[in-house]
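Have a look at run_1.csv; it's CSV, C-alpha atoms:
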```
chain,number,residue,atom,x,y,z
A,1,MET,CA,-28.0,-3.2,-14.6
A,2,LEU,CA,-24.6,-4.8,-14.0
A,3,GLN,CA,-21.7,-4.0,-16.2
A,4,LYS,CA,-18.5,-5.9,-17.0
A,5,ILE,CA,-15.6,-3.6,-17.8
A,6,VAL,CA,-12.2,-4.8,-19.0
A,7,ILE,CA,-9.3,-2.4,-19.0
A,8,ARG,CA,-5.8,-3.5,-20.3
A,9,VAL,CA,-3.1,-1.9,-18.2
A,10,LYS,CA,0.7,-2.1,-18.7
A,11,HIS,CA,2.1,-3.1,-15.3
A,12,LYS,CA,5.7,-2.5,-14.6
A,13,CYS,CA,5.8,-4.3,-11.2
A,14,GLN,CA,3.7,-6.1,-8.6
A,15,LYS,CA,3.1,-2.8,-6.8
A,16,CYS,CA,1.6,-1.3,-10.0
A,17,GLN,CA,-0.8,-4.2,-10.1
A,18,SER,CA,-2.1,-3.7,-6.6
A,19,LYS,CA,-2.2,0.1,-7.2
A,20,SER,CA,-4.4,-0.4,-10.3
A,21,LEU,CA,-6.7,-2.8,-8.3
A,22,MET,CA,-7.1,-0.2,-5.5
A,23,ILE,CA,-7.9,2.6,-8.0
A,24,ALA,CA,-10.6,0.5,-9.6
A,25,ALA,CA,-12.0,-0.6,-6.3
A,26,MET,CA,-12.3,2.9,-4.9
A,27,SER,CA,-14.6,4.0,-7.7
A,28,THR,CA,-18.3,4.3,-7.0
A,29,GLY,CA,-20.6,1.5,-8.0
A,30,VAL,CA,-17.9,-1.2,-8.2
A,31,ASN,CA,-18.9,-4.6,-6.8
A,32,SER,CA,-15.8,-6.7,-7.7
A,33,VAL,CA,-12.3,-6.2,-9.2
A,34,ALA,CA,-10.0,-8.9,-10.5
A,35,LEU,CA,-6.9,-9.3,-12.7
A,36,GLN,CA,-7.1,-11.7,-15.7
A,37,GLY,CA,-5.2,-12.6,-18.8
A,38,GLU,CA,-2.0,-14.5,-19.3
A,39,LYS,CA,0.2,-11.7,-18.0
A,40,LYS,CA,-2.4,-10.4,-15.5
A,41,ASP,CA,-2.6,-7.3,-17.6
A,42,GLU,CA,-6.4,-6.9,-17.7
A,43,VAL,CA,-8.4,-5.4,-14.8
A,44,VAL,CA,-11.9,-6.7,-14.8
A,45,ILE,CA,-14.5,-4.6,-13.0
A,46,ILE,CA,-18.1,-5.6,-12.3
A,47,GLY,CA,-20.5,-3.1,-10.9
A,48,GLU,CA,-23.5,-0.8,-11.5
A,49,GLN,CA,-23.3,2.5,-13.2
A,50,VAL,CA,-19.5,2.5,-13.3
A,51,ASP,CA,-17.7,5.3,-15.2
A,52,ALA,CA,-15.5,3.3,-17.4
A,53,ALA,CA,-13.8,6.2,-19.1
A,54,GLY,CA,-13.1,7.9,-15.8
A,55,ILE,CA,-11.5,4.8,-14.3
A,56,THR,CA,-9.4,4.4,-17.5
A,57,THR,CA,-8.2,8.0,-17.2
A,58,LEU,CA,-7.3,7.6,-13.6
A,59,LEU,CA,-5.3,4.5,-14.3
A,60,ARG,CA,-3.4,6.3,-17.1
A,61,LYS,CA,-2.5,9.1,-14.7
A,62,LYS,CA,-1.5,6.9,-11.7
A,63,VAL,CA,-0.1,3.7,-13.2
A,64,GLY,CA,0.7,4.0,-16.9
A,65,HIS,CA,-0.6,3.1,-20.2
A,66,ALA,CA,-4.3,1.9,-20.0
A,67,SER,CA,-6.8,1.1,-22.7
A,68,LEU,CA,-10.5,0.3,-22.4
A,69,VAL,CA,-11.1,-3.1,-24.0
A,70,LEU,CA,-14.7,-4.0,-23.2
A,71,VAL,CA,-17.9,-2.6,-21.7
A,72,ASP,CA,-20.6,-5.2,-21.6
A,73,GLU,CA,-23.9,-5.6,-19.8
A,74,ILE,CA,-24.4,-8.7,-17.6
A,75,LYS,CA,-27.9,-10.1,-17.6
```
I need this file expressed as structure tokens, please.
Amino acid sequence: MLQKIVIRVKHKCQKCQSKSLMIAAMSTGVNSVALQGEKKDEVVIIGEQVDAAGITTLLRKKVGHASLVLVDEIK
């Protein structure tokens, strides 16, 4: 079962964007990670059995304000 997870992160700089992508990619079960949105403020994660709340908590600790927007199943 593939999941699509969207987390909105407030990035302060380009380094924070790459840091948030690295944190998301290092999580278990992640197949792909991308930035989307007008301001590139949403991290889109696609994977199997991904802990969305855990990734959101890590992003809050390491990068800054992060909020979980969407957890959806891809068929």
> What is the CA of Leu70 (chain A)-CA of Val6 (chain A) distance in Å, reported with one decimal?
Replying inline: 5.0 Å
>> Just to confirm, what's the straight-line distance from CA of Glu38 (chain A) to CA of Ile7 (chain A) in Å (one decimal)?
In response: 14.1 Å
Near Thr28 (chain A), counting all atoms listed in the file, which residues have an atom at most 9 Å away, once you skip same-chain residues fewer than 2 positions from it, shown as a short mmCIF file (atom, residue, chain, number, x, y, z; two decimals) with C-alpha atoms, keeping the file's coordinate frame?
```cif
data_model
loop_
_atom_site.label_atom_id
_atom_site.label_comp_id
_atom_site.auth_asym_id
_atom_site.auth_seq_id
_atom_site.Cartn_x
_atom_site.Cartn_y
_atom_site.Cartn_z
CA ALA A 24 -10.60 0.50 -9.60
CA ALA A 25 -12.00 -0.60 -6.30
CA MET A 26 -12.30 2.90 -4.90
CA VAL A 30 -17.90 -1.20 -8.20
CA ASN A 31 -18.90 -4.60 -6.80
CA GLY A 47 -20.50 -3.10 -10.90
CA GLU A 48 -23.50 -0.80 -11.50
CA GLN A 49 -23.30 2.50 -13.20
CA VAL A 50 -19.50 2.50 -13.30
CA ASP A 51 -17.70 5.30 -15.20
#
```
> Which of these, A:Val63, A:Leu58, A:Ile5, A:Leu68, has the shortest distance to Ala34 (chain A) once you count all atoms listed in the file?
Replying inline: A:Ile5
> Excluding same-chain residues fewer than 5 positions from Thr57 (chain A), what lies within 9 Å of it counting only C-alpha atoms, as a ChimeraX atom specification?
Replying inline: /A:52,62,66-67
> Which one of A:Val43, A:Val69, A:Ala53, A:Met1 sits closest to Met22 (chain A) if you count all atoms listed in the file?
Replying inline: A:Val43
> Any idea what the distance is between CA of Val9 (chain A) and CA of Asp72 (chain A)?
Replying inline: 18.1 Å
> Which one of A:His65, A:Arg8, A:Gly54, A:Ser27 sits closest to Lys40 (chain A) if you count only C-alpha atoms?
Replying inline: A:Arg8
>> (3.3, 0.6, -17.9) in this file's frame - what residues fall within 6 Å of it? Use all atoms listed in the file and give the answer as a list in words.
In response: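 Here the neighbourhood of the point contains Lys10, His11, Lys12, Gly64 and His65 of chain A.
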> Which one of A:Val71, A:Lys61, A:Cys16, A:Lys4 sits closest to Ile45 (chain A) if you count all atoms listed in the file?
Replying inline: A:Lys4
> For Ile55 (chain A), which residue out of A:Gly29, A:Ile74, A:Gln14, A:Gln36 is the nearest one, using only C-alpha atoms?
Replying inline: A:Gly29
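With only C-alpha atoms as the atoms that count, the minimum distance from Glu73 (chain A) to the choices A:Cys13, A:Leu21, A:Val44, A:Leu2 is reached by A:Leu2.
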Please rebuild region 59-72 of chain A with N, CA, C and O atoms and give the result as a compact mmCIF listing (two decimals), keeping the file's coordinate frame.
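See rebuild-v1.txt below for the written result:
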```
# COMPACT_ATOMS: atom_id res chain seq x y z
N LEU A 59 -6.36 5.47 -14.23
CA LEU A 59 -5.30 4.50 -14.30
C LEU A 59 -4.15 5.00 -15.21
O LEU A 59 -2.98 4.73 -14.93
N ARG A 60 -4.47 5.75 -16.25
CA ARG A 60 -3.40 6.30 -17.10
C ARG A 60 -2.58 7.33 -16.30
O ARG A 60 -1.37 7.38 -16.44
N LYS A 61 -3.24 8.12 -15.47
CA LYS A 61 -2.50 9.10 -14.70
C LYS A 61 -1.66 8.50 -13.59
O LYS A 61 -0.54 8.93 -13.34
N LYS A 62 -2.18 7.49 -12.91
CA LYS A 62 -1.50 6.90 -11.70
C LYS A 62 -0.58 5.78 -12.01
O LYS A 62 0.43 5.63 -11.33
N VAL A 63 -0.90 4.92 -13.00
CA VAL A 63 -0.10 3.70 -13.20
C VAL A 63 0.68 3.72 -14.48
O VAL A 63 1.85 3.40 -14.47
N GLY A 64 0.05 4.06 -15.57
CA GLY A 64 0.70 4.00 -16.90
C GLY A 64 -0.24 3.84 -17.99
O GLY A 64 -1.41 4.22 -17.88
N HIS A 65 0.21 3.24 -19.06
CA HIS A 65 -0.60 3.10 -20.20
C HIS A 65 -1.83 2.16 -19.91
O HIS A 65 -1.66 1.06 -19.38
N ALA A 66 -3.04 2.62 -20.23
CA ALA A 66 -4.30 1.90 -20.00
C ALA A 66 -5.19 2.07 -21.19
O ALA A 66 -5.31 3.18 -21.71
N SER A 67 -5.84 0.99 -21.62
CA SER A 67 -6.80 1.10 -22.70
C SER A 67 -8.05 0.33 -22.38
O SER A 67 -8.00 -0.77 -21.84
N LEU A 68 -9.18 0.92 -22.70
CA LEU A 68 -10.50 0.30 -22.40
C LEU A 68 -10.75 -0.74 -23.51
O LEU A 68 -10.76 -0.44 -24.70
N VAL A 69 -10.94 -1.98 -23.09
CA VAL A 69 -11.10 -3.10 -24.00
C VAL A 69 -12.58 -3.43 -24.23
O VAL A 69 -13.03 -3.59 -25.35
N LEU A 70 -13.35 -3.50 -23.14
CA LEU A 70 -14.70 -4.00 -23.20
C LEU A 70 -15.60 -3.36 -22.18
O LEU A 70 -15.20 -3.23 -21.01
N VAL A 71 -16.79 -2.96 -22.59
CA VAL A 71 -17.90 -2.60 -21.70
C VAL A 71 -19.08 -3.37 -22.10
O VAL A 71 -19.58 -3.21 -23.21
N ASP A 72 -19.54 -4.25 -21.22
CA ASP A 72 -20.60 -5.20 -21.60
C ASP A 72 -21.63 -5.23 -20.44
O ASP A 72 -21.27 -5.06 -19.27
```
